[in-house]
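I have placed the structure first, in the form of structure tokens, so that the comments after it can refer back to it.
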There are 2 protein chains.
Amino acid sequence: MATNKKEEFSQKEQDLAAFAKAMAHPARIAILKVLAQRNECICGEIVELLPLAQSTVSQHLKELKNAGLISGTIDGPRSCYCINWKAFEKFMSEFSFLFNKLKTQNEKACC
Amino acid sequence: MATNKKEEFSQKEQDLAAFAKAMAHPARIAILKVLAQRNECICGEIVELLPLAQSTVSQHLKELKNAGLISGTIDGPRSCYCINWKAFEKFMSEFSFLFNKLKTQNEKACC
DNA sequence: ATCTTATATCGCAAATATACGATTAAGCAT
DNA sequence: ATGCTTAATCGTATATTTGCGATATAAGAT
């Protein structure tokens, strides 16, 4: 079983889910927080700030990059990351569209 | 390995991640969308709308409920769900706090 | 050329998530 | 009581995620 049914949902639903999934781990939230605060790209400083091994942090960074939430460039022997604000804007507005807009239409909850 | 390190992050980080995780599947996004549109609580209608078996939908509903994103009440032989708007408000504002606020401070990206 | 530093990738073990069919439970009608 | 409908739970197979150590890669320093 567990045959992937994800493709059977709409692209928007898949995109939103993928975005959420990228944030679905405290380590990745923490990484995003650091990048948001420092703005300027950071690399192995992140490793020092997190309670995880270097290889694990690298993996989380890769996932965030694949999801388009951050971008990274190589800077000599180190690599430098920063938040992709555009992606956040896009997904935040989709969230709002899905939930905020509809919310104001009919607020009264039933259960 | 894979010894859970999630507890080593701050409560806010864990909460945000848990919220994101609840939304990290297109089926759950689709469920939330339905509940947002209809407002009034729905039950097995959701099963008809999704390309998934009843037991699978039930599992997704349980996860959303555990995460606090929806609430459900028993209504005779069927059960009735609706969105917990308060939870959304709380988490949306945390997202904004983390990312939007900081964004306006220093917009210029570096990579 | 060799060493050091910084980061990515590989391989593996353990934990979680996804999905379904089968079963259970609970309310309603007959 | 019996059957019908609706939804939750159990058991199980498979897929994905998480995490680490070890190894590879690549740039800069000696």
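Each chain of the structure tokens is named A, B, ... in the order shown, its residues numbered from 1; ligands are numbered from 1 in display order.
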Define the interface residues of chain B facing chain C as those within 8 Å, counting only C-alpha atoms (C1' of nucleotides), and report them as a VMD selection string.
chain B and resid 1 to 3 53 55 to 56 76 to 77
Coordinates of chain A after Cα superposition on chain B, as an mmCIF file with C-alpha atoms, in the first residue's frame:
```cif
data_model
loop_
_atom_site.group_PDB
_atom_site.id
_atom_site.type_symbol
_atom_site.label_atom_id
_atom_site.label_comp_id
_atom_site.auth_asym_id
_atom_site.auth_seq_id
_atom_site.Cartn_x
_atom_site.Cartn_y
_atom_site.Cartn_z
ATOM 1 C CA MET A 1 20.098 6.860 14.807
ATOM 2 C CA ALA A 2 17.185 9.163 14.088
ATOM 3 C CA THR A 3 16.845 9.753 17.799
ATOM 4 C CA ASN A 4 14.315 12.508 18.004
ATOM 5 C CA LYS A 5 15.958 15.870 18.509
ATOM 6 C CA LYS A 6 12.812 17.890 18.094
ATOM 7 C CA GLU A 7 12.517 18.614 21.787
ATOM 8 C CA GLU A 8 15.781 20.485 21.719
ATOM 9 C CA PHE A 9 14.232 23.366 19.835
ATOM 10 C CA SER A 10 12.168 26.167 21.321
ATOM 11 C CA GLN A 11 8.494 25.657 21.975
ATOM 12 C CA LYS A 12 7.560 28.254 19.389
ATOM 13 C CA GLU A 13 9.659 26.531 16.798
ATOM 14 C CA GLN A 14 8.080 23.209 17.652
ATOM 15 C CA ASP A 15 4.582 24.666 17.542
ATOM 16 C CA LEU A 16 5.132 26.298 14.184
ATOM 17 C CA ALA A 17 6.606 23.105 12.800
ATOM 18 C CA ALA A 18 3.683 21.066 14.111
ATOM 19 C CA PHE A 19 1.231 23.438 12.491
ATOM 20 C CA ALA A 20 3.098 23.237 9.199
ATOM 21 C CA LYS A 21 3.268 19.486 9.467
ATOM 22 C CA ALA A 22 -0.486 19.258 9.818
ATOM 23 C CA MET A 23 -0.798 21.050 6.492
ATOM 24 C CA ALA A 24 2.016 19.137 4.852
ATOM 25 C CA HIS A 25 -0.186 16.875 2.785
ATOM 26 C CA PRO A 26 -2.388 17.809 -0.171
ATOM 27 C CA ALA A 27 -5.228 15.707 1.201
ATOM 28 C CA ARG A 28 -5.278 17.731 4.395
ATOM 29 C CA ILE A 29 -5.091 20.990 2.453
ATOM 30 C CA ALA A 30 -8.040 19.782 0.421
ATOM 31 C CA ILE A 31 -9.965 18.909 3.560
ATOM 32 C CA LEU A 32 -9.312 22.321 5.047
ATOM 33 C CA LYS A 33 -10.403 23.939 1.811
ATOM 34 C CA VAL A 34 -13.707 22.097 1.889
ATOM 35 C CA LEU A 35 -14.303 22.974 5.511
ATOM 36 C CA ALA A 36 -13.438 26.605 4.837
ATOM 37 C CA GLN A 37 -15.856 26.813 1.935
ATOM 38 C CA ARG A 38 -18.793 25.080 3.525
ATOM 39 C CA ASN A 39 -18.334 26.451 7.004
ATOM 40 C CA GLU A 40 -21.024 24.186 8.289
ATOM 41 C CA CYS A 41 -19.558 20.968 9.500
ATOM 42 C CA ILE A 42 -19.153 18.141 7.078
ATOM 43 C CA CYS A 43 -18.367 14.482 7.543
ATOM 44 C CA GLY A 44 -18.375 11.736 4.954
ATOM 45 C CA GLU A 45 -18.987 14.188 2.160
ATOM 46 C CA ILE A 46 -15.266 14.769 2.402
ATOM 47 C CA VAL A 47 -14.653 11.135 1.602
ATOM 48 C CA GLU A 48 -16.637 11.538 -1.613
ATOM 49 C CA LEU A 49 -14.624 14.571 -2.623
ATOM 50 C CA LEU A 50 -11.212 13.033 -2.060
ATOM 51 C CA PRO A 51 -9.555 10.244 -4.041
ATOM 52 C CA LEU A 52 -8.876 8.288 -0.882
ATOM 53 C CA ALA A 53 -10.447 5.463 1.069
ATOM 54 C CA GLN A 54 -12.705 6.241 4.003
ATOM 55 C CA SER A 55 -10.238 4.984 6.561
ATOM 56 C CA THR A 56 -7.479 7.153 5.131
ATOM 57 C CA VAL A 57 -9.613 10.273 5.199
ATOM 58 C CA SER A 58 -10.572 9.484 8.764
ATOM 59 C CA GLN A 59 -6.904 9.313 9.655
ATOM 60 C CA HIS A 60 -6.192 12.682 8.052
ATOM 61 C CA LEU A 61 -9.119 14.202 9.911
ATOM 62 C CA LYS A 62 -7.751 12.828 13.137
ATOM 63 C CA GLU A 63 -4.386 14.409 12.494
ATOM 64 C CA LEU A 64 -5.923 17.773 11.738
ATOM 65 C CA LYS A 65 -7.958 17.479 14.917
ATOM 66 C CA ASN A 66 -4.951 16.510 17.013
ATOM 67 C CA ALA A 67 -3.059 19.489 15.649
ATOM 68 C CA GLY A 68 -5.972 21.699 16.683
ATOM 69 C CA LEU A 69 -6.711 22.934 13.165
ATOM 70 C CA ILE A 70 -10.234 21.559 13.138
ATOM 71 C CA SER A 71 -12.766 20.488 15.703
ATOM 72 C CA GLY A 72 -15.271 17.702 15.434
ATOM 73 C CA THR A 73 -18.449 16.710 17.180
ATOM 74 C CA ILE A 74 -20.557 13.603 16.955
ATOM 75 C CA ASP A 75 -23.961 14.166 15.407
ATOM 76 C CA GLY A 76 -26.009 11.032 15.592
ATOM 77 C CA PRO A 77 -24.432 8.340 13.467
ATOM 78 C CA ARG A 78 -22.187 10.822 11.684
ATOM 79 C CA SER A 79 -19.544 13.268 12.777
ATOM 80 C CA CYS A 80 -19.236 16.850 11.918
ATOM 81 C CA TYR A 81 -16.083 18.885 11.457
ATOM 82 C CA CYS A 82 -15.204 22.500 11.051
ATOM 83 C CA ILE A 83 -12.172 24.732 10.971
ATOM 84 C CA ASN A 84 -10.791 26.153 14.157
ATOM 85 C CA TRP A 85 -10.234 29.690 12.962
ATOM 86 C CA LYS A 86 -8.612 30.715 16.203
ATOM 87 C CA ALA A 87 -5.753 28.291 15.648
ATOM 88 C CA PHE A 88 -5.209 29.653 12.172
ATOM 89 C CA GLU A 89 -5.127 33.183 13.423
ATOM 90 C CA LYS A 90 -2.593 32.287 16.053
ATOM 91 C CA PHE A 91 -0.242 30.550 13.677
ATOM 92 C CA MET A 92 -0.631 32.999 10.857
ATOM 93 C CA SER A 93 0.412 35.770 13.180
ATOM 94 C CA GLU A 94 3.405 33.748 14.316
ATOM 95 C CA PHE A 95 4.412 33.225 10.730
ATOM 96 C CA SER A 96 4.086 36.902 10.055
ATOM 97 C CA PHE A 97 6.047 37.728 13.156
ATOM 98 C CA LEU A 98 8.850 35.431 12.105
ATOM 99 C CA PHE A 99 9.056 36.379 8.476
ATOM 100 C CA ASN A 100 7.040 39.384 7.410
ATOM 101 C CA LYS A 101 8.183 41.693 10.152
ATOM 102 C CA LEU A 102 11.822 40.892 9.678
ATOM 103 C CA LYS A 103 11.455 41.118 5.960
ATOM 104 C CA THR A 104 10.556 44.800 5.943
ATOM 105 C CA GLN A 105 13.557 45.531 8.139
ATOM 106 C CA ASN A 106 16.142 44.431 5.631
ATOM 107 C CA GLU A 107 14.833 43.429 2.305
ATOM 108 C CA LYS A 108 17.944 43.225 0.200
ATOM 109 C CA ALA A 109 18.823 39.642 -0.514
ATOM 110 C CA CYS A 110 22.415 38.590 -0.843
ATOM 111 C CA CYS A 111 22.336 35.490 -3.002
#
```
Determine which residues of segment 28-103 of chain B receive a DSSP assignment of strand (DSSP E), computed from the backbone, and state them as an NGL selection string.
:B and (70-75 or 78-83)
Could you please write out, as a ChimeraX atom specification, every residue of chain B that DSSP assigns to alpha helix (DSSP H)?
/B:11-22,26-38,45-49,54-66,85-95,101-105
Show me, as a list in words, every residue of chain D with an atom at most 7 Å from chain A, counting only C-alpha atoms (C1' of nucleotides).
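Matching residues, ligands excluded from the count: DA13, DT14, DA15, DG19, DA26 and DA27 of chain D.
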